[in-house]
Amino acid sequence: MWKTILRRFLIMIPEVIILSILVFLLAKAMPGDPFTGSINPKADPAQIHHLMKINGLYDPWYQQYWNWVVHLFHGNLGNSYQYQEPVTRLIGGRAANTLWLALFTMILTYVFALPMGVYAGRHEGKLPDTVIRVYTYVTYCIPFFVILVIGIWIFGYVLGWFPTTGSISSDATGWLHTLGSRFYHILLPGLLGALFGTVNIVQYLRSEVIDSKHSDYVRTARSKGVPSKDIYRHHIFRNSLLPIAAFAGYSITGLLNGSIFTETVFSYPGMGLLFVNSISYRDYTVITALVLIYGILNLIGTLLSDIILSIVDPRIRIQ
Amino acid sequence: METASNFLNIKDVSTAFKIDGQYYDAISHINLQVQHDEILAIVGESGCGKSTLATTIMGLHDPAETKISGEVDFEGTDLLKLDENGYNQFRGAKIGMIFQDPLSALNPLKRIEDQISEVMDYHTDLSAEDKHKHVLELLDQVGIVNPQRTARQFPHELSGGMRQRVIIAIAIACKPDLIIADEPTTALDVTIQAQILDVLRDIQKENHAGIILITHDLGVVAETADRVAVMYAGQIVEQGSVEQVFNTPEHPYTRSLLRSMPQRDNENDDLYVIQGNVPSLQKMPATGDRFAPRIPWVPAEAHEEHPTMHEVAPGHEVRCTCYKHFKFPDEQGSVTV
C-alpha cells in the first residue's frame with residue numbers, strides 16, 4: 001500500500017521537472033524582453049544589451065533555468081509588471097479564495113451527484129431517472145459560462161438572492177460577519193459550479209450502478225439469498241463508486257480550470273481571475289507562475305486519484 | 001421412478017422472455033424430478049434453455065421481463081409462488097448455485113472469506129469465530145491447499161480453478177439439499193475440470209444433496225451423472241438413466257449429438273454435423289416437432305402434431321414418435337440429403 005503511494009510519488013518528481021522546463025521554455029519563447037517596456041523608450045539599445053547581460057539573459061537556457069529554479073525555491077517568482085509587487089504575494093492573496101470556492105463546489109457536487117446517480121441507476125427507466133437524465137443532458141449541452149451568466153441573471157439580478165461580484169462585502173466587520181459574508185459570496189458560484197459538475201458524475205455513476213446490477217457477482221449474491229437492499233449496500237454501491245472515487249482527485253483539476261470561468265464571470269478575486277487579467281495585460285511573470293502552479297496542481301490531482309484508487313481497489317495494490 | 005424421494009418436482013414449467021413487448025417461451029412445459037444423492041445432468045446445445053431453467057428454479061429472473069408458469073415443488077413448497085423475501089430463505093440455504101464463469105462471479109472488491117461467510121450471515125446464527133472456522137473447513141473441503149491464506153485473498157489473486165472452488169464453497173456453505181451447477185467446468189481446462197467434478201461428487205456423498213448439472217459436454221455427463229435430460233429448443237426431448245440414454249439413445253437429437261462426438265475407434269475423421277440451427281425464440285414453431293427441420297429426410301407424418309413424451313423403458317422417455325422412423329442418411333443407403 002505505502003509502497004504503491006511512495007512509488008507513485010517518486011514518479012511525480014520527474015513529471016514536475018519536465019513541467020517546469022516546459023513552462024520556463026514557453027515563457028522564454030514569448031516575444032519581447034523584460035526591459036524595453038519598463039525603462040525609457042529612448043534608451044540606448046547598447047544599454048539594454050548591457051542590462052540583459054548583467055541579468056544573465058544571454059546565458060545558455062539551462063543556466064538561466066537553473067537560476068530560475070533556485071529563485072523558485074527561495075519563493076521568488078519575480079515581480080508582476082502590472083501590479084508592481086512580488087508574484088508570490090499576489091498569488092498568495094488569491095489562492096485561498098480560489099481554494100474555498102473550489103472546495104465548496106466540490107463538496108456540493110458530490111452531495112448532489114452521488115444520491116442522484118445511485119437513485120437513477122437503481123430505478124432505471126422510472127420517472128425520476130428520466131428527469132435526472134434530462135437534467136444532465138440539458139446541462140451538458142449548455143456551455144459553462146452561459147450557465148453562469150443565466151444563473152447570475154436569475155438569482156443575482158431578477159431574484160436578487162445572491163451577490164454577483166467579489167468575495168466579501170466591503171462593510172463586513174468581525175470574524176463571524178466576515179465568514180458569513182465570504183460564505184454568502186461563494187454560495188451562488190459554488191451552486192452553479194456544482195450544477196455543472198454533477199453532470200458527468202451522475203451519468204457515470206448511473207451507468208456503473210446499472211452495470212453492477214446486472215453483473216455476475218450480483219447474481220451470485222442473489223443466489224446466496226442476500227436481500228435486495230443489502231445487495232445494493234454491500235455489492236453495488238461500493239463497486240460503482242470505485243471509478244467515481246478514482247476520479248475525485250482529478251476532479252480538483254477540473255474545478256480549478258472551471259474557476260477561471262467562474263471567477264471571471266463573478267469578478268471573484270481568485271487565481272482564475274488573476275490568470276485571465278494577466279493574459280490580457282501580458283503580465284508574463286504572473287502567467288508563468290500560474291501555469292506552473294496549475295500544472296503542479298494537475299499532477300497532484302492525478303496523484304490523489306491514484307492513491308484513492310489504490311486504497312479502494314485491491315487489484316491496484318502492488319505486493 | 002420412486003416419486004417418494006423426489007424432493008424437487010418441476011411440473012410443467014415455462015419461462016417466457018419479453019422481446020419487443022411480446023413474450024416468447026425460452027423453455028416450455030418442463031417436467032423434471034430430482035432425488036437426494038442423485039446427479040441429474042441437463043444437456044443441450046447453447047441457447048436450448050438449460051441456464052434459463054436453472055435461473056428459473058433459483059428465481060433469478062427479473063419479473064418485469066419474464067413470465068413464468070408451472071410449479072417448482074421444492075420439499076412441499078412451490079417456489080414460484082414465493083415473494084422475494086420468501087425466496088431468500090431458500091436461496092443459499094436450501095439451494096446452492098454454482099455459476100458458469102468463475103472469473104466474474106465473485107465480487108472483485110471483497111475478500112474470499114467475506115464472500116463465503118456472507119451466505120452464513122443470512123442463513124445461520126453462527127458466531128463470527130464459528131463462521132471463520134467453517135470458511136476454512138469449506139475451503140479445505142473444496143480442495144484449496146492453504147485455506148488460511150486463500151481466505152484473506154481477493155478473487156484476482158486466485159486462478160480460475162481456485163475461484164471455481166470458492167464458488168462451490170459458497171454454494172455448499174449451508175449444506176443445501178439441491179445444488180445447481182450451471183456449466184461449472186466450461187471455463188476451466190481439462191485437468192481442473194476433472195478435479196472440480198470430483199469435488200462435486202464428494203460433496204454430494206457427504207451432504208446427500210441432489211445435483212442438477214447443466215452442461216453441453218457429453219463426456220462430463222457420462223462420467224458424472226446418474227440421470228440425463230436432453231434439451232432441445234426449450235423442451236426436454238429425452239430423459240433417462242445415463243446407461244439408457246448413452247447406450248440406447250432414441251430421440252434423433254440425442255442420437256445426432258452422440259454421433260457428433262469424436263470417437264476413438266471411428267475409422268473416418270469426419271464428424272457428424274447436425275444440419276441447420278436452433279430456431280430463435282421468436283421463430284419457434286407453435287406446433288410440431290421442433291427438431292424436424294433439422295432432419296428433413298424424415299417424413300412429416302412420422303412426427304406428432306403435438307409431440308409428447310413416450311416411455312420406451314422404465315424411466316426412459318422420448319418426445320415425439322419420429323424416433324421410431326429415424327435413421328441417419330448414411331444408414332438408409334439410397335436416401336441422400
# chains A, B, ... in the order shown; residues from 1 in each chain; ligands from 1
$ interface_residues --of "chain A" --to "chain B" --cutoff "12 Å" --atoms "only C-alpha atoms" --output "MDAnalysis selection string"
chainID A and resid 212:231 234:242 309:319
$ residues_around --residues "Asp289 in chain B" --least-positions-apart "4" --cutoff "12 Å" --atoms "only C-alpha atoms" --output "ChimeraX atom specification"
/B:232-237,251-253,284-285,293-296,298-309,318-323
$ write_last_selection --atoms "N, CA and C atoms" --output "compact mmCIF listing (two decimals), in the first residue's frame"
# COMPACT_ATOMS: atom_id res chain seq x y z
N TYR B 232 -33.75 -29.67 -26.13
CA TYR B 232 -33.59 -29.05 -27.43
C TYR B 232 -34.64 -27.97 -27.59
N ALA B 233 -34.21 -26.77 -27.94
CA ALA B 233 -35.11 -25.64 -28.20
C ALA B 233 -36.15 -25.46 -27.09
N GLY B 234 -35.70 -25.50 -25.84
CA GLY B 234 -36.59 -25.20 -24.73
C GLY B 234 -37.43 -26.36 -24.25
N GLN B 235 -37.26 -27.52 -24.87
CA GLN B 235 -38.04 -28.67 -24.43
C GLN B 235 -37.10 -29.81 -24.05
N ILE B 236 -37.61 -30.69 -23.17
CA ILE B 236 -36.85 -31.91 -22.92
C ILE B 236 -37.26 -32.91 -23.98
N VAL B 237 -36.28 -33.44 -24.70
CA VAL B 237 -36.64 -34.37 -25.78
C VAL B 237 -36.40 -35.82 -25.38
N HIS B 251 -34.18 -40.54 -29.26
CA HIS B 251 -34.57 -39.34 -29.99
C HIS B 251 -33.52 -38.97 -31.03
N PRO B 252 -33.95 -38.56 -32.22
CA PRO B 252 -32.98 -38.21 -33.27
C PRO B 252 -31.96 -37.19 -32.80
N TYR B 253 -32.37 -36.24 -31.94
CA TYR B 253 -31.42 -35.23 -31.49
C TYR B 253 -30.34 -35.84 -30.61
N MET B 284 -39.84 -19.75 -33.12
CA MET B 284 -40.15 -21.11 -32.67
C MET B 284 -41.55 -21.52 -33.17
N PRO B 285 -41.65 -22.66 -33.87
CA PRO B 285 -42.97 -23.06 -34.35
C PRO B 285 -43.88 -23.44 -33.17
N PRO B 293 -37.13 -29.74 -38.59
CA PRO B 293 -36.44 -29.07 -39.70
C PRO B 293 -34.98 -29.48 -39.85
N ARG B 294 -34.42 -30.08 -38.82
CA ARG B 294 -33.00 -30.41 -38.90
C ARG B 294 -32.79 -31.87 -39.30
N ILE B 295 -33.86 -32.59 -39.45
CA ILE B 295 -33.78 -33.94 -40.02
C ILE B 295 -34.80 -34.03 -41.15
N PRO B 296 -34.60 -33.27 -42.20
CA PRO B 296 -35.65 -33.11 -43.23
C PRO B 296 -35.96 -34.41 -43.98
N VAL B 298 -36.65 -37.16 -42.71
CA VAL B 298 -37.69 -37.94 -42.03
C VAL B 298 -39.05 -37.41 -42.48
N PRO B 299 -39.94 -38.26 -42.98
CA PRO B 299 -41.22 -37.79 -43.50
C PRO B 299 -42.05 -37.09 -42.42
N ALA B 300 -42.81 -36.09 -42.85
CA ALA B 300 -43.57 -35.27 -41.91
C ALA B 300 -44.54 -36.09 -41.09
N GLU B 301 -45.11 -37.14 -41.70
CA GLU B 301 -46.13 -37.89 -40.96
C GLU B 301 -45.52 -38.73 -39.82
N ALA B 302 -44.18 -38.83 -39.79
CA ALA B 302 -43.55 -39.56 -38.69
C ALA B 302 -43.61 -38.76 -37.39
N HIS B 303 -43.74 -37.42 -37.53
CA HIS B 303 -43.78 -36.57 -36.33
C HIS B 303 -45.21 -36.45 -35.81
N GLU B 304 -45.30 -36.19 -34.51
CA GLU B 304 -46.60 -35.88 -33.94
C GLU B 304 -46.90 -34.41 -34.14
N GLU B 305 -48.19 -34.08 -34.11
CA GLU B 305 -48.53 -32.66 -34.24
C GLU B 305 -48.22 -31.92 -32.93
N HIS B 306 -48.54 -32.55 -31.83
CA HIS B 306 -48.17 -32.00 -30.52
C HIS B 306 -47.34 -33.05 -29.81
N PRO B 307 -46.04 -33.04 -30.06
CA PRO B 307 -45.21 -34.15 -29.56
C PRO B 307 -45.27 -34.26 -28.04
N THR B 308 -45.47 -35.46 -27.55
CA THR B 308 -45.49 -35.69 -26.10
C THR B 308 -44.42 -36.70 -25.76
N MET B 309 -44.20 -36.88 -24.46
CA MET B 309 -43.18 -37.82 -24.03
C MET B 309 -43.75 -39.24 -24.05
N VAL B 318 -39.06 -40.42 -24.29
CA VAL B 318 -38.65 -39.76 -25.52
C VAL B 318 -39.81 -38.92 -26.05
N ARG B 319 -39.49 -37.73 -26.55
CA ARG B 319 -40.53 -36.89 -27.10
C ARG B 319 -40.75 -37.23 -28.58
N CYS B 320 -42.01 -37.19 -29.01
CA CYS B 320 -42.42 -37.38 -30.40
C CYS B 320 -42.29 -38.86 -30.81
N THR B 321 -42.96 -39.19 -31.87
CA THR B 321 -42.94 -40.58 -32.34
C THR B 321 -41.91 -40.80 -33.43
N CYS B 322 -41.25 -39.71 -33.85
CA CYS B 322 -40.37 -39.83 -35.01
C CYS B 322 -39.17 -40.74 -34.75
N TYR B 323 -38.85 -40.96 -33.45
CA TYR B 323 -37.68 -41.80 -33.17
C TYR B 323 -37.82 -43.19 -33.77
$ select_by_dssp --residues "range 165-250 of chain B" --states "strand (DSSP E)" --output "list of chain:residue names"
B:Leu178, B:Ile179, B:Ile180, B:Ala181, B:Asp182, B:Gly210, B:Ile211, B:Ile212, B:Leu213, B:Ile214, B:Thr215, B:Arg227, B:Val228, B:Ala229, B:Val230, B:Met231, B:Tyr232, B:Gln235, B:Ile236, B:Val237, B:Glu238, B:Gln239, B:Gly240, B:Ser241
$ write_last_selection --atoms "C-alpha atoms" --output "short mmCIF file (atom, residue, chain, number, x, y, z; two decimals), in the first residue's frame"
data_model
loop_
_atom_site.label_atom_id
_atom_site.label_comp_id
_atom_site.auth_asym_id
_atom_site.auth_seq_id
_atom_site.Cartn_x
_atom_site.Cartn_y
_atom_site.Cartn_z
CA LEU B 178 -30.11 -29.03 -4.03
CA ILE B 179 -27.06 -27.80 -5.86
CA ILE B 180 -27.49 -26.37 -9.31
CA ALA B 181 -24.23 -26.37 -11.21
CA ASP B 182 -24.51 -24.34 -14.38
CA GLY B 210 -29.33 -33.67 -5.26
CA ILE B 211 -27.35 -32.03 -8.02
CA ILE B 212 -28.56 -30.58 -11.28
CA LEU B 213 -25.54 -30.49 -13.53
CA ILE B 214 -26.00 -28.34 -16.57
CA THR B 215 -23.51 -28.93 -19.31
CA ARG B 227 -29.68 -39.48 -14.99
CA VAL B 228 -29.76 -37.29 -18.07
CA ALA B 229 -32.32 -34.95 -19.56
CA VAL B 230 -31.59 -33.85 -23.10
CA MET B 231 -32.95 -30.45 -24.01
CA TYR B 232 -33.59 -29.05 -27.43
CA GLN B 235 -38.04 -28.67 -24.43
CA ILE B 236 -36.85 -31.91 -22.92
CA VAL B 237 -36.64 -34.37 -25.78
CA GLU B 238 -35.33 -37.39 -23.95
CA GLN B 239 -34.60 -38.38 -20.41
CA GLY B 240 -33.49 -41.49 -18.63
CA SER B 241 -30.60 -43.02 -16.79
#
$ atom_distance --atom1 "CA of Trp61 in chain A" --atom2 "CA of Asp44 in chain A"
25.5 Å
$ residues_around --residues "range 84-96 of chain A" --least-positions-apart "3" --cutoff "9 Å" --atoms "only C-alpha atoms" --output "PDB file with C-alpha atoms, in the first residue's frame"
ATOM      1  CA  GLY A  75       9.984  31.716  -3.039  1.00  0.00           C
ATOM      2  CA  ASN A  76      10.969  34.342  -5.574  1.00  0.00           C
ATOM      3  CA  LEU A  77       8.902  34.249  -8.744  1.00  0.00           C
ATOM      4  CA  GLY A  78       9.758  37.769  -9.813  1.00  0.00           C
ATOM      5  CA  ASN A  79       7.639  40.890  -9.821  1.00  0.00           C
ATOM      6  CA  SER A  80       4.352  41.456 -11.579  1.00  0.00           C
ATOM      7  CA  TYR A  81       4.634  44.201 -14.201  1.00  0.00           C
ATOM      8  CA  LEU A  99      -9.354  27.146  -2.685  1.00  0.00           C
ATOM      9  CA  TRP A 100     -12.505  27.956  -0.696  1.00  0.00           C
ATOM     10  CA  LEU A 101     -14.592  28.210  -3.802  1.00  0.00           C
ATOM     11  CA  PRO A 269     -10.716  37.738  -6.795  1.00  0.00           C
ATOM     12  CA  GLY A 270      -9.053  34.339  -7.098  1.00  0.00           C
ATOM     13  CA  MET A 271      -6.287  32.779  -9.140  1.00  0.00           C
ATOM     14  CA  GLY A 272      -8.574  32.230 -12.122  1.00  0.00           C
ATOM     15  CA  LEU A 274      -5.835  36.864 -11.918  1.00  0.00           C
ATOM     16  CA  THR A 285       5.829  36.623 -14.706  1.00  0.00           C
ATOM     17  CA  VAL A 286       2.365  36.074 -13.265  1.00  0.00           C
ATOM     18  CA  ALA A 289       3.895  31.310 -12.179  1.00  0.00           C
ATOM     19  CA  LEU A 290       0.206  30.474 -12.547  1.00  0.00           C
TER      20      LEU A 290
END
$ residues_around --residues "range 7-24 of chain A" --least-positions-apart "3" --cutoff "12 Å" --atoms "only C-alpha atoms" --output "PyMOL selection string"
chain A and resi 1-4+27-30+61-69+72+77+284-285+287-310+316-318
